[in-house]
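Q: Supplied structure: final.txt, compact mmCIF, C-alpha atoms.
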```txt
# COMPACT_ATOMS: atom_id res chain seq x y z
CA MET A 1 14.01 4.94 -47.13
CA HIS A 2 15.76 6.27 -44.10
CA TRP A 3 18.11 3.58 -42.96
CA GLU A 4 20.39 6.10 -41.27
CA ASP A 5 17.89 6.19 -38.38
CA ILE A 6 18.96 2.70 -37.44
CA ILE A 7 22.64 3.65 -37.44
CA ASN A 8 22.03 6.83 -35.48
CA ASN A 9 20.00 5.03 -32.83
CA PHE A 10 21.87 1.76 -32.98
CA TRP A 11 23.13 1.78 -29.41
CA PHE A 12 19.75 2.81 -28.06
CA LEU A 13 18.17 -0.15 -29.83
CA MET A 14 20.93 -2.45 -28.59
CA GLY A 15 20.16 -1.23 -25.08
CA GLY A 16 16.62 -2.40 -25.70
CA LEU A 17 17.93 -5.71 -26.92
CA TRP A 18 19.99 -6.06 -23.76
CA MET A 19 16.84 -5.52 -21.70
CA THR A 20 15.03 -8.15 -23.78
CA ILE A 21 17.85 -10.60 -23.15
CA LYS A 22 17.89 -9.84 -19.42
CA LEU A 23 14.13 -10.26 -19.14
CA ALA A 24 14.19 -13.47 -21.18
CA SER A 25 17.00 -14.98 -19.07
CA VAL A 26 15.29 -14.17 -15.77
CA ALA A 27 11.99 -15.51 -17.10
CA ILE A 28 13.59 -18.68 -18.48
CA ALA A 29 15.32 -19.44 -15.18
CA GLY A 30 12.22 -18.68 -13.12
CA SER A 31 9.77 -20.52 -15.33
CA MET A 32 12.05 -23.56 -15.48
CA LEU A 33 12.05 -23.74 -11.68
CA VAL A 34 8.31 -23.21 -11.28
CA GLY A 35 7.53 -25.34 -14.30
CA VAL A 36 9.52 -28.34 -13.09
CA VAL A 37 7.86 -28.12 -9.67
CA PHE A 38 4.36 -27.97 -11.18
CA GLY A 39 5.19 -30.64 -13.74
CA ILE A 40 6.27 -33.04 -11.01
CA ALA A 41 3.29 -32.00 -8.89
CA ARG A 42 0.90 -32.85 -11.71
CA HIS A 43 2.68 -36.14 -12.26
CA THR A 44 2.50 -37.31 -8.61
CA LYS A 45 -0.13 -39.66 -7.31
CA PHE A 46 -1.19 -37.42 -4.41
CA PRO A 47 -4.63 -36.25 -5.51
CA VAL A 48 -4.74 -32.79 -3.91
CA ILE A 49 -1.31 -31.73 -5.16
CA SER A 50 -1.94 -32.96 -8.66
CA TRP A 51 -5.37 -31.29 -8.74
CA ILE A 52 -3.88 -27.97 -7.74
CA ALA A 53 -1.19 -28.29 -10.38
CA THR A 54 -3.71 -29.33 -13.01
CA ALA A 55 -5.99 -26.41 -12.18
CA TYR A 56 -3.09 -23.97 -12.38
CA ILE A 57 -1.87 -25.35 -15.70
CA GLU A 58 -5.29 -25.47 -17.32
CA PHE A 59 -6.20 -22.00 -16.07
CA VAL A 60 -3.04 -20.34 -17.29
CA ARG A 61 -3.01 -22.11 -20.62
CA SER A 62 -6.45 -20.89 -21.56
CA ILE A 63 -5.75 -17.18 -21.00
CA PRO A 64 -3.76 -14.75 -23.14
CA LEU A 65 -0.39 -13.67 -21.80
CA ILE A 66 -1.16 -10.01 -22.27
CA LEU A 67 -3.95 -10.27 -19.71
CA PHE A 68 -1.39 -11.52 -17.19
CA ILE A 69 1.17 -8.84 -17.94
CA VAL A 70 -1.28 -5.99 -17.64
CA PHE A 71 -3.01 -7.27 -14.53
CA VAL A 72 0.12 -8.37 -12.74
CA HIS A 73 1.48 -4.90 -13.30
CA TYR A 74 -1.57 -2.80 -12.46
CA GLY A 75 -3.61 -5.04 -10.19
CA PHE A 76 -2.01 -8.11 -8.75
CA LEU A 77 1.34 -6.88 -7.42
CA PRO A 78 0.49 -3.34 -6.25
CA ASN A 79 -3.07 -3.89 -4.99
CA LEU A 80 -3.34 -7.46 -3.78
CA LEU A 81 0.18 -8.14 -2.54
CA LYS A 82 1.03 -4.50 -1.77
CA ILE A 83 4.39 -4.81 -3.49
CA GLN A 84 5.98 -1.75 -5.04
CA THR A 85 6.53 -2.95 -8.56
CA ASN A 86 8.45 -1.84 -11.58
CA PHE A 87 8.11 -2.73 -15.24
CA PHE A 88 10.82 -5.35 -15.16
CA LEU A 89 9.52 -7.14 -12.07
CA SER A 90 5.92 -7.31 -13.28
CA SER A 91 6.78 -8.50 -16.76
CA ALA A 92 9.14 -11.10 -15.35
CA VAL A 93 6.51 -12.35 -12.90
CA ALA A 94 3.82 -12.49 -15.61
CA LEU A 95 6.11 -14.30 -18.05
CA ILE A 96 7.13 -16.79 -15.37
CA ILE A 97 3.51 -17.52 -14.38
CA PHE A 98 2.56 -17.98 -18.02
CA THR A 99 5.51 -19.98 -19.34
CA ALA A 100 5.75 -22.17 -16.24
CA ALA A 101 2.38 -23.73 -17.11
CA TYR A 102 3.64 -24.71 -20.57
CA ILE A 103 6.93 -25.98 -19.19
CA ALA A 104 5.03 -27.99 -16.59
CA GLU A 105 3.20 -29.78 -19.39
CA ILE A 106 6.47 -30.48 -21.19
CA VAL A 107 8.01 -31.80 -17.96
CA ARG A 108 4.98 -33.99 -17.33
CA GLY A 109 5.27 -35.41 -20.83
CA GLY A 110 8.95 -36.08 -20.25
CA LEU A 111 8.31 -37.78 -16.94
CA LYS A 112 5.57 -39.91 -18.47
CA SER A 113 8.03 -41.12 -21.10
CA ILE A 114 10.35 -42.61 -18.48
CA GLU A 115 10.03 -46.37 -18.53
CA ARG A 116 8.74 -48.02 -15.36
CA GLY A 117 11.89 -50.13 -15.21
CA HIS A 118 14.06 -47.11 -14.41
CA ILE A 119 11.81 -46.09 -11.55
CA GLU A 120 11.64 -49.61 -10.16
CA ALA A 121 15.41 -49.95 -10.44
CA ALA A 122 15.93 -46.67 -8.60
CA ARG A 123 13.55 -47.68 -5.86
CA SER A 124 15.12 -51.11 -5.50
CA ILE A 125 18.61 -49.75 -4.97
CA GLY A 126 17.17 -47.77 -2.08
CA LEU A 127 16.89 -44.23 -3.42
CA ASN A 128 14.14 -42.17 -1.83
CA TYR A 129 11.68 -40.17 -3.94
CA PHE A 130 13.79 -36.99 -3.99
CA GLN A 131 17.00 -38.84 -4.86
CA MET A 132 15.21 -40.82 -7.53
CA MET A 133 13.93 -37.61 -9.11
CA THR A 134 17.25 -35.73 -9.04
CA TYR A 135 19.58 -38.58 -10.02
CA VAL A 136 17.50 -40.76 -12.31
CA VAL A 137 14.22 -39.40 -13.57
CA LEU A 138 14.96 -35.71 -14.20
CA PRO A 139 18.31 -36.17 -16.00
CA LEU A 140 16.73 -38.78 -18.24
CA GLY A 141 13.57 -36.80 -18.80
CA LEU A 142 15.26 -33.44 -19.31
CA SER A 143 17.39 -34.71 -22.17
CA ARG A 144 14.22 -35.90 -23.90
CA MET A 145 12.44 -32.62 -23.23
CA THR A 146 15.19 -30.39 -24.61
CA PRO A 147 13.74 -29.75 -28.09
CA ALA A 148 10.31 -28.92 -26.67
CA LEU A 149 11.85 -26.73 -23.99
CA VAL A 150 13.93 -24.79 -26.49
CA SER A 151 10.90 -24.08 -28.64
CA GLN A 152 9.09 -22.90 -25.53
CA PHE A 153 12.01 -20.58 -24.79
CA ILE A 154 11.78 -19.21 -28.31
CA ALA A 155 8.11 -18.49 -27.69
CA LEU A 156 9.12 -16.77 -24.46
CA ILE A 157 11.65 -14.56 -26.20
CA LYS A 158 8.98 -13.55 -28.68
CA ASP A 159 6.57 -12.93 -25.83
CA THR A 160 8.96 -10.51 -24.13
CA SER A 161 7.87 -8.06 -26.83
CA LEU A 162 4.55 -7.83 -24.96
CA ALA A 163 6.33 -6.23 -22.01
CA SER A 164 6.57 -3.13 -24.19
CA VAL A 165 2.85 -2.66 -23.63
CA ILE A 166 3.24 -1.74 -19.96
CA GLY A 167 6.26 0.41 -20.73
CA LEU A 168 9.38 -1.67 -20.18
CA ILE A 169 11.99 -0.34 -22.60
CA GLU A 170 13.01 -3.55 -24.30
CA LEU A 171 13.66 -4.03 -27.99
CA THR A 172 10.13 -3.38 -29.24
CA ARG A 173 9.59 -0.37 -26.98
CA ALA A 174 12.99 1.05 -27.86
CA GLY A 175 11.97 0.83 -31.49
CA GLU A 176 8.67 2.55 -30.73
CA ILE A 177 10.54 5.39 -29.05
CA VAL A 178 12.88 5.76 -32.01
CA TYR A 179 10.16 5.87 -34.64
CA GLY A 180 8.06 8.06 -32.39
CA ARG A 181 10.81 10.62 -32.86
CA THR A 182 11.81 10.01 -36.46
CA PHE A 183 8.48 8.88 -38.00
CA HIS A 184 10.15 6.16 -40.03
CA GLU A 185 8.22 3.22 -38.64
CA PHE A 186 8.80 0.83 -41.50
CA GLU A 187 12.60 0.78 -41.43
CA ILE A 188 12.87 0.55 -37.65
CA LEU A 189 10.24 -2.19 -37.38
CA LEU A 190 11.93 -4.16 -40.12
CA PHE A 191 15.22 -3.89 -38.27
CA ILE A 192 13.62 -5.06 -35.01
CA VAL A 193 11.96 -7.99 -36.70
CA MET A 194 15.30 -9.04 -38.15
CA VAL A 195 16.95 -8.88 -34.72
CA TYR A 196 14.24 -11.06 -33.20
CA PHE A 197 14.49 -13.39 -36.15
CA ILE A 198 18.25 -13.82 -35.81
CA ILE A 199 17.98 -14.66 -32.11
CA CYS A 200 15.04 -17.02 -32.40
CA TYR A 201 16.18 -18.69 -35.60
CA SER A 202 19.62 -19.47 -34.22
CA LEU A 203 17.96 -20.97 -31.15
CA SER A 204 15.68 -23.08 -33.31
CA LEU A 205 18.65 -24.30 -35.36
CA LEU A 206 20.28 -25.27 -32.07
CA SER A 207 17.21 -27.18 -31.00
CA ARG A 208 17.08 -28.96 -34.34
CA LYS A 209 20.67 -30.02 -33.81
CA LEU A 210 19.79 -31.39 -30.39
CA GLU A 211 16.86 -33.22 -31.93
CA TYR A 212 19.15 -34.63 -34.57
CA ASN A 213 21.47 -35.97 -31.89
CA THR A 214 18.65 -37.95 -30.36
CA LYS A 215 17.49 -39.35 -33.70
CA HIS A 216 18.86 -42.81 -33.05
CA ARG A 217 16.24 -43.30 -30.34
CA PRO A 218 13.15 -45.38 -31.17
CA ARG A 219 10.80 -43.61 -33.51
CA GLU A 220 8.33 -41.27 -31.89
CA ALA A 221 5.95 -38.60 -33.14
CA PRO A 222 7.64 -35.37 -34.31
CA SER A 223 7.65 -32.62 -31.72
CA GLU A 224 5.19 -30.55 -33.74
CA LEU A 225 2.54 -33.17 -33.15
CA LYS A 226 2.73 -33.23 -29.38
CA LEU A 227 0.03 -31.27 -27.62
CA SER A 228 2.40 -28.75 -26.17
CA ALA A 229 0.88 -25.50 -27.34
CA MET B 1 -20.28 -7.97 -25.68
CA SER B 2 -19.46 -6.17 -28.92
CA GLY B 3 -15.86 -6.88 -28.04
CA LEU B 4 -16.63 -10.56 -27.79
CA LYS B 5 -18.31 -10.50 -31.20
CA LEU B 6 -15.22 -8.91 -32.71
CA THR B 7 -12.85 -11.39 -31.06
CA VAL B 8 -14.91 -14.32 -32.32
CA PHE B 9 -15.15 -12.81 -35.79
CA ILE B 10 -11.42 -12.17 -36.07
CA SER B 11 -10.57 -15.60 -34.68
CA VAL B 12 -12.92 -17.50 -36.98
CA VAL B 13 -11.87 -15.64 -40.12
CA SER B 14 -8.15 -15.98 -39.39
CA CYS B 15 -8.66 -19.59 -38.41
CA VAL B 16 -10.16 -20.53 -41.78
CA LEU B 17 -7.62 -18.51 -43.76
CA ALA B 18 -4.71 -19.88 -41.71
CA LEU B 19 -5.88 -23.41 -42.37
CA VAL B 20 -5.93 -22.77 -46.12
CA ILE B 21 -2.47 -21.19 -46.04
CA GLY B 22 -1.19 -23.94 -43.78
CA VAL B 23 -2.27 -26.77 -46.08
CA VAL B 24 -1.02 -25.05 -49.22
CA ALA B 25 2.33 -24.15 -47.65
CA ALA B 26 2.74 -27.63 -46.17
CA LEU B 27 2.19 -29.26 -49.55
CA SER B 28 4.67 -26.86 -51.15
CA ARG B 29 7.18 -27.59 -48.40
CA LEU B 30 6.94 -31.26 -49.28
CA SER B 31 6.97 -30.79 -53.03
CA ASN B 32 9.90 -31.91 -55.13
CA ASN B 33 10.05 -28.57 -56.88
CA LYS B 34 12.67 -26.34 -55.27
CA VAL B 35 11.05 -22.94 -55.72
CA PRO B 36 7.80 -23.49 -53.78
CA ARG B 37 9.73 -25.48 -51.20
CA TYR B 38 12.15 -22.65 -50.50
CA ILE B 39 9.41 -20.05 -50.46
CA ALA B 40 7.32 -22.07 -48.02
CA THR B 41 10.32 -22.81 -45.79
CA GLY B 42 11.30 -19.16 -45.71
CA TYR B 43 7.74 -18.18 -44.88
CA VAL B 44 7.49 -20.67 -42.02
CA GLU B 45 10.85 -19.84 -40.51
CA PHE B 46 10.35 -16.11 -40.71
CA PHE B 47 6.87 -15.97 -39.24
CA ARG B 48 7.54 -18.52 -36.54
CA ASN B 49 10.61 -16.72 -35.30
CA THR B 50 9.35 -13.17 -34.99
CA PRO B 51 6.95 -11.79 -32.37
CA LEU B 52 3.34 -11.36 -33.39
CA LEU B 53 3.17 -7.92 -31.82
CA VAL B 54 5.96 -6.61 -34.03
CA GLN B 55 4.36 -8.20 -37.07
CA LEU B 56 1.12 -6.40 -36.19
CA TYR B 57 2.97 -3.11 -35.86
CA ILE B 58 4.58 -3.64 -39.24
CA TYR B 59 1.24 -4.05 -40.97
CA TYR B 60 -0.41 -1.28 -39.02
CA LYS B 61 2.28 1.36 -38.68
CA GLY B 62 5.04 0.29 -41.05
CA LEU B 63 2.89 -0.18 -44.13
CA THR B 64 1.08 3.10 -43.50
CA ASN B 65 4.49 4.68 -43.37
CA ILE B 66 5.39 3.55 -46.88
CA GLY B 67 1.98 4.46 -48.25
CA ILE B 68 -0.16 1.35 -47.87
CA ASN B 69 -3.19 1.99 -45.68
CA LEU B 70 -5.03 -0.96 -44.23
CA GLU B 71 -7.97 -0.98 -41.85
CA PRO B 72 -6.87 -2.00 -38.34
CA ILE B 73 -9.12 -5.04 -38.37
CA VAL B 74 -7.70 -6.15 -41.73
CA CYS B 75 -4.19 -5.77 -40.30
CA GLY B 76 -5.21 -7.91 -37.34
CA ILE B 77 -6.65 -10.68 -39.47
CA LEU B 78 -3.68 -10.55 -41.84
CA ALA B 79 -1.15 -10.80 -39.01
CA LEU B 80 -2.97 -13.57 -37.16
CA THR B 81 -3.51 -15.52 -40.37
CA LEU B 82 0.10 -15.39 -41.48
CA TYR B 83 1.43 -16.10 -37.99
CA THR B 84 -0.86 -19.04 -37.27
CA GLY B 85 -0.56 -20.27 -40.85
CA ALA B 86 3.15 -20.81 -40.32
CA TYR B 87 2.49 -23.00 -37.30
CA ILE B 88 -0.26 -24.91 -39.08
CA THR B 89 2.11 -25.52 -41.99
CA GLU B 90 4.50 -27.30 -39.68
CA ILE B 91 1.70 -29.34 -38.10
CA VAL B 92 0.31 -30.44 -41.45
CA ARG B 93 3.79 -31.22 -42.77
CA ALA B 94 4.62 -33.29 -39.71
CA GLY B 95 1.28 -35.07 -40.02
CA ILE B 96 1.88 -35.97 -43.66
CA GLN B 97 5.45 -37.04 -42.94
CA SER B 98 4.32 -39.27 -40.09
CA ILE B 99 2.49 -41.46 -42.64
CA ALA B 100 4.75 -44.38 -43.41
CA ARG B 101 6.70 -44.31 -46.67
CA GLU B 102 5.20 -47.64 -47.70
CA GLN B 103 1.81 -45.99 -48.04
CA PHE B 104 3.18 -43.65 -50.70
CA GLU B 105 4.89 -46.53 -52.45
CA ALA B 106 1.79 -48.70 -52.32
CA ALA B 107 -0.35 -45.88 -53.73
CA ASN B 108 2.22 -45.35 -56.45
CA ALA B 109 2.23 -49.05 -57.25
CA LEU B 110 -1.56 -48.99 -57.58
CA GLY B 111 -1.15 -46.33 -60.24
CA LEU B 112 -2.61 -43.40 -58.33
CA SER B 113 -1.46 -39.95 -59.33
CA ALA B 114 0.23 -37.66 -56.81
CA PHE B 115 -3.01 -35.76 -56.31
CA GLN B 116 -5.04 -38.95 -55.85
CA THR B 117 -2.47 -40.30 -53.41
CA MET B 118 -2.79 -37.19 -51.29
CA LYS B 119 -6.56 -37.04 -51.47
CA LEU B 120 -7.44 -40.72 -51.07
CA ILE B 121 -4.59 -42.20 -49.05
CA ILE B 122 -2.50 -39.68 -47.17
CA LEU B 123 -4.79 -36.86 -46.04
CA PRO B 124 -7.52 -39.10 -44.58
CA GLN B 125 -4.90 -40.69 -42.36
CA ALA B 126 -3.00 -37.52 -41.62
CA ILE B 127 -6.06 -35.56 -40.57
CA ARG B 128 -6.66 -37.80 -37.56
CA ILE B 129 -3.12 -37.15 -36.36
CA ILE B 130 -3.29 -33.46 -37.11
CA ILE B 131 -6.50 -32.57 -35.30
CA PRO B 132 -5.33 -32.34 -31.66
CA PRO B 133 -2.34 -30.03 -32.33
CA LEU B 134 -4.47 -28.10 -34.79
CA GLY B 135 -7.00 -27.52 -32.04
CA SER B 136 -4.36 -26.20 -29.70
CA GLN B 137 -3.19 -23.88 -32.50
CA PHE B 138 -6.72 -22.50 -32.80
CA ILE B 139 -6.78 -21.94 -29.05
CA ASN B 140 -3.50 -20.07 -29.37
CA LEU B 141 -4.95 -18.07 -32.22
CA THR B 142 -7.90 -17.00 -30.10
CA LYS B 143 -5.57 -16.02 -27.28
CA ASN B 144 -3.26 -14.16 -29.64
CA SER B 145 -6.19 -12.25 -31.07
CA SER B 146 -6.11 -10.21 -27.85
CA LEU B 147 -3.06 -8.43 -29.28
CA VAL B 148 -5.11 -6.70 -31.96
CA SER B 149 -6.36 -4.36 -29.24
CA PHE B 150 -2.99 -2.60 -29.53
CA ILE B 151 -3.80 -1.54 -33.05
CA THR B 152 -7.09 0.00 -31.88
CA VAL B 153 -9.41 -2.91 -32.59
CA THR B 154 -11.98 -2.99 -29.81
CA ASP B 155 -11.91 -6.70 -28.97
CA VAL B 156 -12.52 -8.36 -25.60
CA PHE B 157 -9.15 -7.44 -24.17
CA TYR B 158 -9.54 -3.83 -25.25
CA VAL B 159 -12.93 -3.58 -23.55
CA VAL B 160 -11.73 -5.32 -20.38
CA TYR B 161 -8.56 -3.30 -20.15
CA ASN B 162 -10.20 0.05 -20.73
CA GLY B 163 -12.96 -0.83 -18.30
CA ALA B 164 -10.35 -1.69 -15.70
CA VAL B 165 -8.49 1.56 -16.28
CA ASP B 166 -11.66 3.65 -16.21
CA ASP B 167 -13.13 2.15 -13.06
CA PHE B 168 -9.81 1.28 -11.45
CA ARG B 169 -11.09 -2.19 -10.60
CA PHE B 170 -8.40 -4.42 -11.97
CA LEU B 171 -9.21 -7.64 -10.16
CA GLU B 172 -12.88 -7.72 -11.16
CA TYR B 173 -12.15 -7.00 -14.80
CA PHE B 174 -9.30 -9.48 -14.77
CA ILE B 175 -11.68 -12.21 -13.59
CA VAL B 176 -14.24 -11.28 -16.24
CA GLY B 177 -11.54 -11.33 -18.92
CA CYS B 178 -10.26 -14.70 -17.72
CA LEU B 179 -13.76 -16.19 -17.74
CA ILE B 180 -14.48 -14.98 -21.26
CA TYR B 181 -11.24 -16.37 -22.65
CA MET B 182 -11.67 -19.63 -20.73
CA CYS B 183 -15.15 -20.04 -22.23
CA LEU B 184 -13.84 -19.34 -25.73
CA THR B 185 -10.95 -21.79 -25.45
CA GLY B 186 -13.21 -24.33 -23.76
CA ILE B 187 -15.66 -24.15 -26.66
CA ILE B 188 -12.85 -24.65 -29.18
CA ALA B 189 -11.52 -27.62 -27.22
CA MET B 190 -15.02 -29.10 -27.16
CA PHE B 191 -15.39 -28.69 -30.92
CA VAL B 192 -12.05 -30.36 -31.46
CA ASN B 193 -13.05 -33.30 -29.28
CA VAL B 194 -16.38 -33.71 -31.07
CA PHE B 195 -14.65 -33.55 -34.44
CA GLU B 196 -12.09 -36.09 -33.34
CA TYR B 197 -14.90 -38.36 -32.17
CA TYR B 198 -16.65 -38.20 -35.53
CA LEU B 199 -13.46 -38.95 -37.42
CA ARG B 200 -12.41 -41.82 -35.20
CA ILE B 201 -11.67 -45.14 -36.85
CA PRO B 202 -14.43 -47.54 -35.78
CA GLY B 203 -13.21 -50.26 -33.48
CA ARG B 204 -10.20 -48.31 -32.30
CA THR B 205 -10.20 -46.30 -29.13
```
How does this structure look as structure tokens?
A:
Amino acid sequence: MHWEDIINNFWFLMGGLWMTIKLASVAIAGSMLVGVVFGIARHTKFPVISWIATAYIEFVRSIPLILFIVFVHYGFLPNLLKIQTNFFLSSAVALIIFTAAYIAEIVRGGLKSIERGHIEAARSIGLNYFQMMTYVVLPLGLSRMTPALVSQFIALIKDTSLASVIGLIELTRAGEIVYGRTFHEFEILLFIVMVYFIICYSLSLLSRKLEYNTKHRPREAPSELKLSA
Amino acid sequence: MSGLKLTVFISVVSCVLALVIGVVAALSRLSNNKVPRYIATGYVEFFRNTPLLVQLYIYYKGLTNIGINLEPIVCGILALTLYTGAYITEIVRAGIQSIAREQFEAANALGLSAFQTMKLIILPQAIRIIIPPLGSQFINLTKNSSLVSFITVTDVFYVVYNGAVDDFRFLEYFIVGCLIYMCLTGIIAMFVNVFEYYLRIPGRT
């Protein structure tokens, strides 16, 4: 066993971790924005808008993320949109496109769970649609969606490892570089897995705590049973 | 097309194995005995909170490094099975726990053993709740199987990606890849719906 490799390359690996965190934060922020927009769009009663949103969501959800990452990087951004791209930009765009579809479904579920009474009350005190959404429906819905959203963010953090495939030096890629030099794959990979595990597990403990806080609400199906995957 | 065959093969095999692991681990998570419960919980938490790609690399590169050589395709099936199995464990557990306590008590009062309770009372009810999320897990499994191309298994993604690189026609190959995966996931969704229809409780919609 050659554990000294980890100590010798510790700061290089932590640099990779920093890139993972940066990518994950950008992707979380972006996919939240896009996801909420598409979630509301799918929820509205205007047929064309909701069809477009539905088509987007169903399309993205039936295709592997890796297809998006590779083709956003090599095809979509440079060839179709003529944008000079870099590894970070393409992986962020691909992750946002992908995760936004899942978040849109979570948002739609949250919006559906709002009782009609709230909406009627908001309308009757004279709020317009936008005000109703920002002051009444979204705050209520978002608090209900939190556990599902956090588990989606965990999935996103795990998915950032796929950005290593196109060459972004995040945690997984940093590890690959290190064991490419030292040939001690097992130790390095084990270390990387533990780092991912610590991040994701602490997030999932957090989400469980949030779920626990909302336990006094009327009984509903556990989050594992909702069709969110 | 040979890529498609491989993707379907890997998905089906891992799907069956993951289901077996999932049910076994879910029952051990719910058991009163501490040892299997802790093992199953550790398994679920670990595999759900680490990226599949890194798990694949561990089996493929890491194990080779310490002297265990596995075929790439075996690594792929192993990784997908363990990863999906962890998710299925949670689904099955949640399904069993969603059955009301009174059902367990009633079964107990009728003198059924623990095994009979599970087989005759709990699982028939739980399975109807479990099927939709299980189906979406199988769809995820099929999508995740595209990652095995990074350990040199020539599945659909591998063929599409290498074709795109060779001919430098990314858009066309992207569309082909999308269509193939959409067909695969569509077929799984259809199967799930048919299965759900056959298991429906007559008189209920």
Q: Please identify every residue of chain B that has at least one atom no more than 7 Å from any atom of chain A, counting only C-alpha atoms, and report them as JSON, numbers by chain.
A: {"B": [46, 49, 50, 51, 53, 54, 58, 61, 62, 63, 65, 66, 90, 91, 94, 132, 133, 136, 137, 143, 144, 146, 170, 171, 174, 178, 181, 182, 185]}
Q: What are the centre and the three edge lengths of an axis-aligned box that wraps all atoms of region 139-154 of chain A in the file, given that 4 Å is added to every side, written as lines of an AutoDock Vina configuration file and rounded to one decimal in Å?
A:
```
center_x = 13.7
center_y = -29.0
center_z = -22.3
size_x = 17.2
size_y = 27.6
size_z = 20.6
```
Q: Show me as JSON, numbers by chain the residues that reach within 10 Å of (5.8, -22.9, -47.6), counting only C-alpha atoms and using the file's own coordinates.
A: {"B": [21, 22, 23, 24, 25, 26, 27, 28, 29, 30, 31, 35, 36, 37, 38, 39, 40, 41, 42, 43, 44, 45, 85, 86, 89, 90, 93]}
Q: Would you list the residues near (0.6, -35.3, -41.2), meaning any protein, DNA or RNA residue with an atom at most 8 Å from that point in file coordinates, counting all atoms listed in the file, as a PyMOL selection string?
A: chain B and resi 91-99+123+125-127+129-130
Q: In Å, with one decimal, what is the gap from CA of Thr20 (chain A) to CA of Ile169 (chain A)?
A: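 If I compute the distance from CA of Thr20 (chain A) to CA of Ile169 (chain A), I get 8.5 Å.
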Q: Using Å and a single decimal, report how far CA of Ser31 (chain A) sits from CA of Ser113 (chain A).
A: 21.5 Å
Q: So which one's closest to Leu210 (chain A), A:Ala122, A:Val48, A:Ala41, A:Leu149? Using only C-alpha atoms, please.
A: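 Comparing A:Ala122, A:Val48, A:Ala41, A:Leu149 against Leu210 (chain A), the winner is A:Leu149.
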Q: Hey, which of A:Val150, A:Leu168, A:Ile21, A:Ala53 ends up closest to Val36 (chain A)? Count all atoms listed in the file.
A: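 When distances to Val36 (chain A) are compared using all atoms listed in the file, the smallest one comes from A:Ala53.
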Q: If you measure from CA of Tyr173 (chain B) to CA of Tyr161 (chain B), what distance in Å do you get, rounded to one decimal?
A: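 CA of Tyr161 (chain B) lies at a distance of 7.4 Å from CA of Tyr173 (chain B).
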Q: Would you mind telling me which residue in B:Phe47, B:Glu196, B:Asp166, B:Pro72 lies nearest to Val148 (chain B) when using all atoms listed in the file?
A: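 For Val148 (chain B), the nearest of the candidates is B:Pro72.
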Q: Find, counting only C-alpha atoms, the residue in B:Tyr158, B:Val16, B:Phe104, B:Val74 that gets nearest to Gln116 (chain B).
A: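 When distances to Gln116 (chain B) are compared using only C-alpha atoms, the smallest one comes from B:Phe104.
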Q: In terms of the shortest atom-to-atom distance over only C-alpha atoms, which of B:Ser2, B:Asn162, B:Thr142, B:Asn193 is closest to Leu80 (chain B)?
A: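 Smallest separation from Leu80 (chain B) among the options: B:Thr142.
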